[in-house]
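**Q** So I've got this file, structure.csv, and it contains CSV, C-alpha atoms:
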```
chain,number,residue,atom,x,y,z
A,250,GLN,CA,71.6,90.1,100.0
A,251,VAL,CA,74.3,88.2,98.3
A,252,GLN,CA,76.7,86.3,100.6
A,253,LEU,CA,80.3,86.9,99.6
A,254,VAL,CA,83.5,85.4,100.9
A,255,GLU,CA,86.9,86.9,100.1
A,256,SER,CA,90.2,85.0,100.3
A,257,GLY,CA,93.8,85.3,99.2
A,258,GLY,CA,95.1,88.1,101.4
A,259,GLY,CA,98.3,88.0,103.3
A,260,LEU,CA,101.8,89.4,103.8
A,261,VAL,CA,103.9,90.1,100.7
A,262,GLN,CA,107.1,92.0,100.0
A,263,PRO,CA,107.0,95.2,97.8
A,264,GLY,CA,107.0,94.2,94.2
A,265,GLY,CA,105.2,90.9,94.9
A,266,SER,CA,101.9,89.6,93.8
A,267,LEU,CA,98.7,88.3,95.4
A,268,ARG,CA,95.4,87.1,93.9
A,269,LEU,CA,92.2,87.8,95.8
A,270,SER,CA,89.1,85.7,95.3
A,271,CYS,CA,85.5,86.6,95.9
A,272,ALA,CA,83.1,83.7,95.9
A,273,ALA,CA,79.4,83.3,96.4
A,274,SER,CA,77.6,80.0,97.1
A,275,GLU,CA,73.9,80.8,96.6
A,276,PHE,CA,73.9,83.4,93.9
A,277,THR,CA,75.2,83.5,90.4
A,278,LEU,CA,77.7,86.3,90.4
A,279,ASP,CA,77.8,87.0,86.6
A,280,TYR,CA,74.4,88.7,87.0
A,281,TYR,CA,75.9,91.3,89.4
A,282,VAL,CA,78.3,94.1,89.1
A,283,ILE,CA,81.2,93.1,91.4
A,284,GLY,CA,83.6,95.6,93.0
A,285,TRP,CA,86.8,95.4,94.9
A,286,PHE,CA,87.3,98.1,97.6
A,287,ARG,CA,89.9,98.7,100.2
A,288,GLN,CA,90.2,100.5,103.4
A,289,ALA,CA,93.5,101.5,105.1
A,290,PRO,CA,93.6,102.5,108.8
A,291,GLY,CA,92.3,106.0,109.2
A,292,LYS,CA,91.2,106.3,105.6
A,293,GLU,CA,87.8,106.0,103.9
A,294,ARG,CA,86.9,103.0,101.9
A,295,GLU,CA,87.8,103.5,98.3
A,296,GLY,CA,87.0,101.8,95.0
A,297,VAL,CA,89.8,99.8,93.5
A,298,SER,CA,88.2,98.0,90.6
A,299,CYS,CA,84.8,97.0,89.3
A,300,ILE,CA,83.5,94.7,86.6
A,301,SER,CA,80.1,94.9,85.0
A,302,SER,CA,77.7,92.1,84.4
A,303,GLY,CA,77.0,91.3,80.7
A,304,ASP,CA,79.8,92.8,78.6
A,305,GLY,CA,82.4,92.6,81.4
A,306,SER,CA,83.4,96.2,81.2
A,307,THR,CA,86.0,97.1,83.8
A,308,TYR,CA,87.1,100.1,85.8
A,309,TYR,CA,90.4,100.7,87.7
A,310,ALA,CA,91.4,103.4,90.1
A,311,ASP,CA,94.3,105.4,88.8
A,312,SER,CA,96.5,104.2,91.7
A,313,VAL,CA,96.2,100.5,90.6
A,314,LYS,CA,95.9,100.9,86.8
A,315,GLY,CA,98.4,98.7,85.0
A,316,ARG,CA,99.1,96.6,88.2
A,317,PHE,CA,95.8,95.1,89.1
A,318,THR,CA,93.4,93.0,87.0
A,319,ILE,CA,89.8,92.1,87.8
A,320,SER,CA,88.3,89.0,86.1
A,321,ARG,CA,85.4,86.6,86.4
A,322,ASP,CA,85.4,82.8,86.3
A,323,ASN,CA,81.7,82.0,85.8
A,324,ALA,CA,82.3,78.3,86.0
A,325,LYS,CA,83.6,78.8,89.5
A,326,ASN,CA,81.2,81.6,90.4
A,327,THR,CA,84.2,83.6,91.5
A,328,VAL,CA,85.6,87.0,90.8
A,329,TYR,CA,89.4,87.6,91.1
A,330,LEU,CA,91.6,90.6,91.7
A,331,GLN,CA,95.2,89.9,90.5
A,332,MET,CA,97.5,92.3,92.2
A,333,ASN,CA,101.0,92.7,90.8
A,334,SER,CA,103.9,95.0,91.6
A,335,LEU,CA,102.4,95.6,95.1
A,336,LYS,CA,103.5,98.7,97.0
A,337,PRO,CA,103.4,99.5,100.7
A,338,GLU,CA,100.6,101.9,100.0
A,339,ASP,CA,98.4,99.0,98.8
A,340,THR,CA,98.2,97.8,102.4
A,341,ALA,CA,94.6,97.7,103.5
A,342,VAL,CA,91.6,95.4,104.2
A,343,TYR,CA,90.2,94.5,100.8
A,344,TYR,CA,86.5,93.9,100.4
A,345,CYS,CA,84.4,92.6,97.5
A,346,ALA,CA,80.9,93.8,97.0
A,347,ALA,CA,78.0,93.0,94.7
A,348,GLU,CA,75.1,94.9,93.3
A,349,ALA,CA,72.5,94.4,90.6
A,350,PRO,CA,73.4,96.4,87.5
A,351,LEU,CA,71.9,99.9,87.0
A,352,SER,CA,71.4,100.6,83.3
A,353,TRP,CA,71.9,104.4,83.7
A,354,LEU,CA,75.3,104.1,85.4
A,355,SER,CA,78.6,103.1,83.8
A,356,VAL,CA,80.8,100.7,85.7
A,357,GLN,CA,83.1,103.6,86.5
A,358,ALA,CA,80.3,105.7,88.0
A,359,MET,CA,79.0,102.7,90.0
A,360,CYS,CA,82.4,101.9,91.5
A,361,VAL,CA,81.9,103.7,94.8
A,362,PRO,CA,80.9,102.1,98.1
A,363,PRO,CA,77.4,103.6,98.4
A,364,SER,CA,76.4,101.9,95.2
A,365,PHE,CA,76.8,98.4,96.6
A,366,GLY,CA,74.5,96.6,99.0
A,367,SER,CA,76.2,93.3,99.6
A,368,TRP,CA,79.6,93.0,101.1
A,369,GLY,CA,82.1,90.4,102.1
A,370,GLN,CA,83.9,90.3,105.4
A,371,GLY,CA,87.2,91.6,104.0
A,372,THR,CA,90.7,90.1,103.7
A,373,GLN,CA,93.9,91.8,105.0
A,374,VAL,CA,96.6,92.6,102.5
A,375,THR,CA,99.9,93.8,104.0
A,376,VAL,CA,102.8,94.9,101.7
A,377,SER,CA,106.0,95.2,103.8
A,378,SER,CA,109.6,94.2,103.7
```
Please rewrite the model in this file as structure tokens.

**A**
Amino acid sequence: QVQLVESGGGLVQPGGSLRLSCAASEFTLDYYVIGWFRQAPGKEREGVSCISSGDGSTYYADSVKGRFTISRDNAKNTVYLQMNSLKPEDTAVYYCAAEAPLSWLSVQAMCVPPSFGSWGQGTQVTVSS
């Protein structure tokens, strides 16, 4: 399994921004499909955004489209989730996850929790005034 470490969570006011980071020390992340997921209290874990290996195709959930951006920095072996215009409903624990690419699945189809085998420990994001 790939060991992943998230960072960058915190408390932010509505309309603010945060950048989450997902880093790996022993594996080259650009080989893997990387996903960001979140889980709010009492709710199921949901896919927020995923980025493919190779061509870097991306997927965003409708609830974050236009506000969040996923990106890779291969030199730093890190994947980022830039979150702008944050809303209280974005409050959740955010997890990054990694999985080897599956040629028969688009990045959108793959962006569900059961598709991923390696997970980070999560980072709390709280959007509140």

**Q** Write out as a PyMOL selection string the residues lying within 9 Å of range 316-329 of chain A, counting all atoms listed in the file and excluding same-chain residues fewer than 5 positions away.

**A** chain A and resi 268-274+276-279+283-285+297-300+305+307-309+334-335+345

**Q** Please indicate the distance in Å from CA of Leu253 in chain A to CA of Gly371 in chain A, rounded to one decimal place.

**A** 9.4 Å

**Q** Take CA of Val376 in chain A and CA of Pro362 in chain A and report the distance between them in Å, one decimal.

**A**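 Those two atoms sit 23.3 Å apart.
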
**Q** May I ask which of the residues A:Val342, A:Gln250, A:Asp304, A:Asn333 is the closest one to Leu267 in chain A, counting only C-alpha atoms?

**A**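 Closest to Leu267 in chain A of all the choices is A:Asn333.
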
**Q** Within 12 Å of (85.8, 104.3, 99.6), all atoms listed in the file: residues as a VMD selection string?

**A** chain A and resid 284 to 289 291 to 298 310 341 to 346 359 to 365

**Q** Figure out the distance between CA of Ser302 in chain A and CA of Thr375 in chain A, please, to one decimal in Å.

**A**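 So the answer is 29.7 Å.
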
**Q** Counting all atoms listed in the file, which of A:Gly265, A:Gly258, A:Pro290, A:Gly303 gets nearest to Val356 in chain A?

**A**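 Nearest to Val356 in chain A: A:Gly303.
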
**Q** So which residues are close to (72.7, 91.4, 92.6), meaning at most 7 Å away in the file's coordinates with only C-alpha atoms counted, and can you show them as a list in words?

**A**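 Output of the proximity query reads Val251, Tyr280, Tyr281, Ala347, Glu348 and Ala349 of chain A.
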
**Q** Can you work out which one of A:Val254, A:Met332, A:Val374, A:Ala358 has the shortest atom-to-atom distance to Ser266 in chain A, counting all atoms listed in the file?

**A**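 Closest to Ser266 in chain A, using all atoms listed in the file: A:Met332.
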